Amino acid sequence: MTLDATQKQRWTAEQIPDQTGRVSVVTGANSGLGLATARALAHRGGHVILAVRDEEKGRRAAADIAAGRPGALVEVRRLDLADLDSVREFADDLRTGHPRLDVLVNNAGVMAPPRSTSAQGHELQFAGNHLGHFALTGLLLDLLAEGLDPRVVTVTSVNHRKAHLDFDDLNGEHSYRPMTFYDRSKLANAVFGHELHRRLAASGSPVRSVLAHPGYTATHLQTSGPTGLVKILFGTVLRPLAQHPDAGALPQLYAATAPGVRGGELIGPDGRGELRGGPTRVPLAATATDAGTGRRLWEVSEGLTDVRFAFPASV
């Protein structure tokens, strides 16, 4: 079924194809969009790995998923995306029990905290939202290449369209504004997802790289990171306008499972301003598809993470 046809029916989680036999990793799966995504995949028969920073919260999320589907195949594994050592440990541990991976949903994120740095000294939002997912994807690419209809879904934001990447101040050492650096990290997600698509296609890899954004969705993202006016605006004033995580997760679920999805596409809500609604194809910012920007971010990310992607052929 094509996306144009499903728009008329408002594609829902009930239309997710049977996931029996498929293995998925969802980052940030203990709450919000990640939990909604993991729950939907598990309830359709998938084996879902909850990649979470807090294992106790992950276990509670797993219990919540199992309560809705007794016998659901759910694992909890620790992953701190802002610590590249944790990313490597997660990837190494995962391959001991899983010879292949079918879906990786790069969902986890942090939004607009006061300036702080990661374990390796990188600005926290750039580190956790982008660098951690870049490294994780590279370290798991060989497992994905063995998967069934394998996909990488990287979650960006509608805010990526108003951002630009300042390669001279990625760490915010010269100037730091919380929302500006959040928007930049979401642009980095979009640039990465599209550049990954370009390199996968050029190498002949079976893996598809797809992007998704949830519109405006009520999650802990708006309340756990921001402070001051940003927290009041997104966590209180505008919150009644936000959609439920189950609705916000539909674009990334569509990107992860629907047959007609093509690599390099961005899936977002079909409503006004792309803030809510059913999943549809929406445009990427020109910056996100710019080849020069893609190459530069890729090279910077390789240098900062020390991760090189093992593509089937030279790109």
# chains A, B, ... in the order shown; residues from 1 in each chain; ligands from 1
$ residues_around --residues "A:Asp306" --least-positions-apart "6" --cutoff "10 Å" --atoms "only C-alpha atoms" --output "PyMOL selection string"
chain A and resi 84+135+300
$ residues_around --residues "stretch 291-295 of chain A" --least-positions-apart "6" --cutoff "7 Å" --atoms "only C-alpha atoms" --output "PyMOL selection string"
chain A and resi 191-192+195
$ atom_distance --atom1 "atom CA of A:Asp80" --atom2 "atom CA of A:His122"
13.9 Å
$ closest_residue --among "A:Gly68, A:Leu148, A:Arg39, A:His174" --to "A:Ala13" --atoms "only C-alpha atoms"
A:Arg39
$ closest_residue --among "A:Arg151, A:His130, A:Arg59, A:Arg208" --to "A:Ala190" --atoms "only C-alpha atoms"
A:His130
